[in-house]
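J.: Quick one: the structure is below, and I'll ask about it shortly.
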Amino acid sequence: LVLAESLAAQLGLPCTRRLMRCTRPTEKQSTLSTSARKQNVRGAFSVTDIANVTGLHIGLVDDTITTGATANEVAKSLLAAGADRVTLLALARAASNH
């Protein structure tokens with residue numbers, strides 16, 4: 001959140017804090033293999049306010065990406081809710097040990 005808010009402020013863009021929600025419990029991603037991570041988060045997110053995404057280019061901000069499974073599922077949910085485009089911005093990419 002700190003990264004997203006700082007980046008949005010620097011670019012003069014809005015930052016929405018509670019645009020997504022997790023719709024079911026998931027296991028901690030770091031304990032899972034790449035394929036298990038994808039399954040773990042499949043369909044686990046939904047958009048809380050469709051009016052705030054419809055037709056927009058949404059920027060997802062994360063500190064570290066490992067497999068990208070969570071970001072991919074969040075992006076799918078945003079696009080399904082009507083977002084025009086989703087761009088992922090990450091500070092680092094971690095090597096996956098799985």
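The chains in the structure tokens are called A, B, ... from first to last as shown; in each chain the residues are counted from 1, and the ligands are counted from 1 in the order shown.
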Select from segment 26-95 of chain A everything DSSP, run on the backbone, classes as alpha helix (DSSP H), then give the selection as a PyMOL selection string.
T.: chain A and resi 34-41+69-80
J.: Write a file of the selected residues as a PDB file, in the first residue's frame, keeping N, CA and C atoms.
T.:
```pdb
ATOM      1  N   THR A  34       4.766 -23.863  -7.712  1.00  0.00           N
ATOM      2  CA  THR A  34       4.208 -22.953  -8.718  1.00  0.00           C
ATOM      3  C   THR A  34       2.812 -23.376  -9.144  1.00  0.00           C
ATOM      4  N   SER A  35       2.617 -24.639  -9.461  1.00  0.00           N
ATOM      5  CA  SER A  35       1.291 -25.091  -9.903  1.00  0.00           C
ATOM      6  C   SER A  35       0.275 -25.012  -8.767  1.00  0.00           C
ATOM      7  N   ALA A  36       0.704 -25.308  -7.548  1.00  0.00           N
ATOM      8  CA  ALA A  36      -0.211 -25.223  -6.400  1.00  0.00           C
ATOM      9  C   ALA A  36      -0.579 -23.771  -6.105  1.00  0.00           C
ATOM     10  N   ARG A  37       0.335 -22.837  -6.344  1.00  0.00           N
ATOM     11  CA  ARG A  37       0.047 -21.415  -6.129  1.00  0.00           C
ATOM     12  C   ARG A  37      -1.078 -20.960  -7.058  1.00  0.00           C
ATOM     13  N   LYS A  38      -0.990 -21.384  -8.315  1.00  0.00           N
ATOM     14  CA  LYS A  38      -2.029 -21.012  -9.280  1.00  0.00           C
ATOM     15  C   LYS A  38      -3.388 -21.553  -8.852  1.00  0.00           C
ATOM     16  N   GLN A  39      -3.420 -22.801  -8.444  1.00  0.00           N
ATOM     17  CA  GLN A  39      -4.679 -23.418  -8.001  1.00  0.00           C
ATOM     18  C   GLN A  39      -5.193 -22.749  -6.727  1.00  0.00           C
ATOM     19  N   ASN A  40      -4.295 -22.425  -5.813  1.00  0.00           N
ATOM     20  CA  ASN A  40      -4.648 -21.838  -4.528  1.00  0.00           C
ATOM     21  C   ASN A  40      -5.422 -20.524  -4.675  1.00  0.00           C
ATOM     22  N   VAL A  41      -5.043 -19.705  -5.644  1.00  0.00           N
ATOM     23  CA  VAL A  41      -5.681 -18.387  -5.791  1.00  0.00           C
ATOM     24  C   VAL A  41      -6.705 -18.324  -6.921  1.00  0.00           C
ATOM     25  N   ALA A  69       1.194 -15.667  -9.757  1.00  0.00           N
ATOM     26  CA  ALA A  69      -0.126 -16.302  -9.679  1.00  0.00           C
ATOM     27  C   ALA A  69      -1.179 -15.371  -9.079  1.00  0.00           C
ATOM     28  N   THR A  70      -0.852 -14.707  -7.985  1.00  0.00           N
ATOM     29  CA  THR A  70      -1.821 -13.821  -7.338  1.00  0.00           C
ATOM     30  C   THR A  70      -2.129 -12.624  -8.229  1.00  0.00           C
ATOM     31  N   ALA A  71      -1.097 -11.985  -8.757  1.00  0.00           N
ATOM     32  CA  ALA A  71      -1.296 -10.825  -9.634  1.00  0.00           C
ATOM     33  C   ALA A  71      -2.124 -11.206 -10.853  1.00  0.00           C
ATOM     34  N   ASN A  72      -1.878 -12.379 -11.407  1.00  0.00           N
ATOM     35  CA  ASN A  72      -2.624 -12.838 -12.573  1.00  0.00           C
ATOM     36  C   ASN A  72      -4.106 -13.015 -12.241  1.00  0.00           C
ATOM     37  N   GLU A  73      -4.402 -13.594 -11.103  1.00  0.00           N
ATOM     38  CA  GLU A  73      -5.808 -13.784 -10.714  1.00  0.00           C
ATOM     39  C   GLU A  73      -6.501 -12.456 -10.424  1.00  0.00           C
ATOM     40  N   VAL A  74      -5.791 -11.538  -9.787  1.00  0.00           N
ATOM     41  CA  VAL A  74      -6.366 -10.213  -9.529  1.00  0.00           C
ATOM     42  C   VAL A  74      -6.643  -9.512 -10.861  1.00  0.00           C
ATOM     43  N   ALA A  75      -5.702  -9.583 -11.792  1.00  0.00           N
ATOM     44  CA  ALA A  75      -5.894  -8.958 -13.109  1.00  0.00           C
ATOM     45  C   ALA A  75      -7.084  -9.573 -13.832  1.00  0.00           C
ATOM     46  N   LYS A  76      -7.224 -10.890 -13.784  1.00  0.00           N
ATOM     47  CA  LYS A  76      -8.375 -11.546 -14.414  1.00  0.00           C
ATOM     48  C   LYS A  76      -9.686 -11.020 -13.842  1.00  0.00           C
ATOM     49  N   SER A  77      -9.736 -10.858 -12.525  1.00  0.00           N
ATOM     50  CA  SER A  77     -10.950 -10.347 -11.880  1.00  0.00           C
ATOM     51  C   SER A  77     -11.249  -8.912 -12.310  1.00  0.00           C
ATOM     52  N   LEU A  78     -10.218  -8.087 -12.400  1.00  0.00           N
ATOM     53  CA  LEU A  78     -10.405  -6.700 -12.830  1.00  0.00           C
ATOM     54  C   LEU A  78     -10.909  -6.630 -14.268  1.00  0.00           C
ATOM     55  N   LEU A  79     -10.320  -7.427 -15.143  1.00  0.00           N
ATOM     56  CA  LEU A  79     -10.749  -7.444 -16.546  1.00  0.00           C
ATOM     57  C   LEU A  79     -12.174  -7.977 -16.677  1.00  0.00           C
ATOM     58  N   ALA A  80     -12.511  -9.001 -15.922  1.00  0.00           N
ATOM     59  CA  ALA A  80     -13.867  -9.559 -15.953  1.00  0.00           C
ATOM     60  C   ALA A  80     -14.897  -8.554 -15.447  1.00  0.00           C
TER      61      ALA A  80
END
```
J.: Within 10 Å of Arg18 of chain A, counting only C-alpha atoms, which residues qualify if same-chain residues fewer than 3 places away don't, as an MDAnalysis selection string?
T.: chainID A and resid 15 21 47:49
J.: Pick out the residues sitting within 12 Å of Ala8 of chain A, and hand them over as a ChimeraX atom specification; count only C-alpha atoms, and ignore anything fewer than 6 positions along from it in its own chain.
T.: /A:1-2,14-17,58-61,89
J.: What does the distance from atom CA of Arg85 of chain A to atom CA of Asp63 of chain A come to in Å, to one decimal?
T.: 20.4 Å
J.: Write down as a ChimeraX atom specification the residues of chain A whose backbone DSSP state falls under strand (DSSP E).
T.: /A:20-22,45-47,57-65,85-93
J.: Take the residues from that selection and write them out as a CSV table (one decimal), in the first residue's frame, keeping N, CA and C atoms.
T.:
```
chain,number,residue,atom,x,y,z
A,20,MET,N,-10.4,-4.5,-4.3
A,20,MET,CA,-10.5,-6.0,-4.4
A,20,MET,C,-10.7,-6.6,-3.0
A,21,ARG,N,-11.3,-7.8,-3.1
A,21,ARG,CA,-11.4,-8.6,-1.8
A,21,ARG,C,-11.2,-10.0,-2.1
A,22,CYS,N,-10.7,-10.7,-1.1
A,22,CYS,CA,-10.5,-12.2,-1.2
A,22,CYS,C,-11.8,-12.8,-0.9
A,45,PHE,N,-10.5,-13.9,-5.9
A,45,PHE,CA,-10.6,-12.5,-5.7
A,45,PHE,C,-11.8,-11.9,-6.5
A,46,SER,N,-12.4,-10.9,-6.0
A,46,SER,CA,-13.5,-10.2,-6.7
A,46,SER,C,-13.3,-8.7,-6.5
A,47,VAL,N,-13.9,-7.9,-7.4
A,47,VAL,CA,-13.9,-6.5,-7.4
A,47,VAL,C,-15.0,-6.0,-6.5
A,57,HIS,N,-7.8,1.9,-17.2
A,57,HIS,CA,-6.5,1.2,-17.2
A,57,HIS,C,-6.1,1.2,-15.7
A,58,ILE,N,-6.0,0.0,-15.1
A,58,ILE,CA,-5.7,-0.2,-13.7
A,58,ILE,C,-4.2,-0.6,-13.5
A,59,GLY,N,-3.5,0.0,-12.6
A,59,GLY,CA,-2.2,-0.4,-12.3
A,59,GLY,C,-2.2,-1.1,-11.0
A,60,LEU,N,-1.7,-2.4,-11.0
A,60,LEU,CA,-1.5,-3.2,-9.8
A,60,LEU,C,-0.1,-2.9,-9.3
A,61,VAL,N,0.1,-2.7,-8.0
A,61,VAL,CA,1.4,-2.5,-7.5
A,61,VAL,C,1.7,-3.5,-6.4
A,62,ASP,N,2.9,-4.2,-6.5
A,62,ASP,CA,3.3,-5.2,-5.6
A,62,ASP,C,4.8,-5.0,-5.3
A,63,ASP,N,5.2,-5.4,-4.1
A,63,ASP,CA,6.6,-5.2,-3.7
A,63,ASP,C,7.4,-6.3,-4.4
A,64,THR,N,7.0,-7.5,-4.3
A,64,THR,CA,7.8,-8.6,-4.9
A,64,THR,C,6.9,-9.6,-5.6
A,65,ILE,N,7.2,-10.0,-6.8
A,65,ILE,CA,6.5,-11.0,-7.6
A,65,ILE,C,7.4,-12.3,-7.6
A,85,ARG,N,-7.7,-2.4,-19.2
A,85,ARG,CA,-6.4,-2.9,-19.2
A,85,ARG,C,-5.8,-2.9,-17.8
A,86,VAL,N,-4.9,-3.9,-17.6
A,86,VAL,CA,-4.3,-4.0,-16.2
A,86,VAL,C,-2.8,-4.0,-16.5
A,87,THR,N,-2.0,-3.2,-15.7
A,87,THR,CA,-0.6,-3.2,-15.8
A,87,THR,C,-0.1,-3.5,-14.4
A,88,LEU,N,0.9,-4.5,-14.3
A,88,LEU,CA,1.5,-4.8,-13.1
A,88,LEU,C,2.8,-4.1,-12.9
A,89,LEU,N,3.0,-3.4,-11.8
A,89,LEU,CA,4.2,-2.8,-11.4
A,89,LEU,C,4.8,-3.4,-10.2
A,90,ALA,N,6.0,-3.9,-10.2
A,90,ALA,CA,6.6,-4.6,-9.1
A,90,ALA,C,8.0,-4.0,-8.8
A,91,LEU,N,8.3,-4.0,-7.5
A,91,LEU,CA,9.6,-3.5,-7.1
A,91,LEU,C,10.7,-4.5,-7.4
A,92,ALA,N,10.4,-5.8,-7.2
A,92,ALA,CA,11.4,-6.9,-7.4
A,92,ALA,C,10.7,-8.1,-7.9
A,93,ARG,N,11.5,-9.0,-8.5
A,93,ARG,CA,11.1,-10.3,-8.9
A,93,ARG,C,11.9,-11.3,-8.1
```
J.: Kindly give the distance, in Å, that separates atom CA of Thr26 of chain A and atom CA of Leu3 of chain A, rounded to a single decimal.
T.: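 If I compute the distance from atom CA of Thr26 of chain A to atom CA of Leu3 of chain A, I get 23.9 Å.
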J.: With a distance cut-off of 6 Å and only C-alpha atoms, select the neighbouring residues of segment 52-56 of chain A, excluding the residue or stretch itself and same-chain residues fewer than 5 positions from it, and output the selection as a list in words.
T.: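 Once the nearby chain positions are removed, what remains is Gly82, Ala83 and Asp84 of chain A.
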J.: Counting only C-alpha atoms, which residue out of A:Leu11, A:Ala95, A:Leu19, A:Leu32 sits closest to Ala51 of chain A?
T.: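 Closest to Ala51 of chain A, using only C-alpha atoms: A:Leu19.
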J.: So what do you get for atom CA of Ala44 of chain A versus atom CA of Arg24 of chain A, distance-wise?
T.: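 Those two atoms sit 5.8 Å apart.
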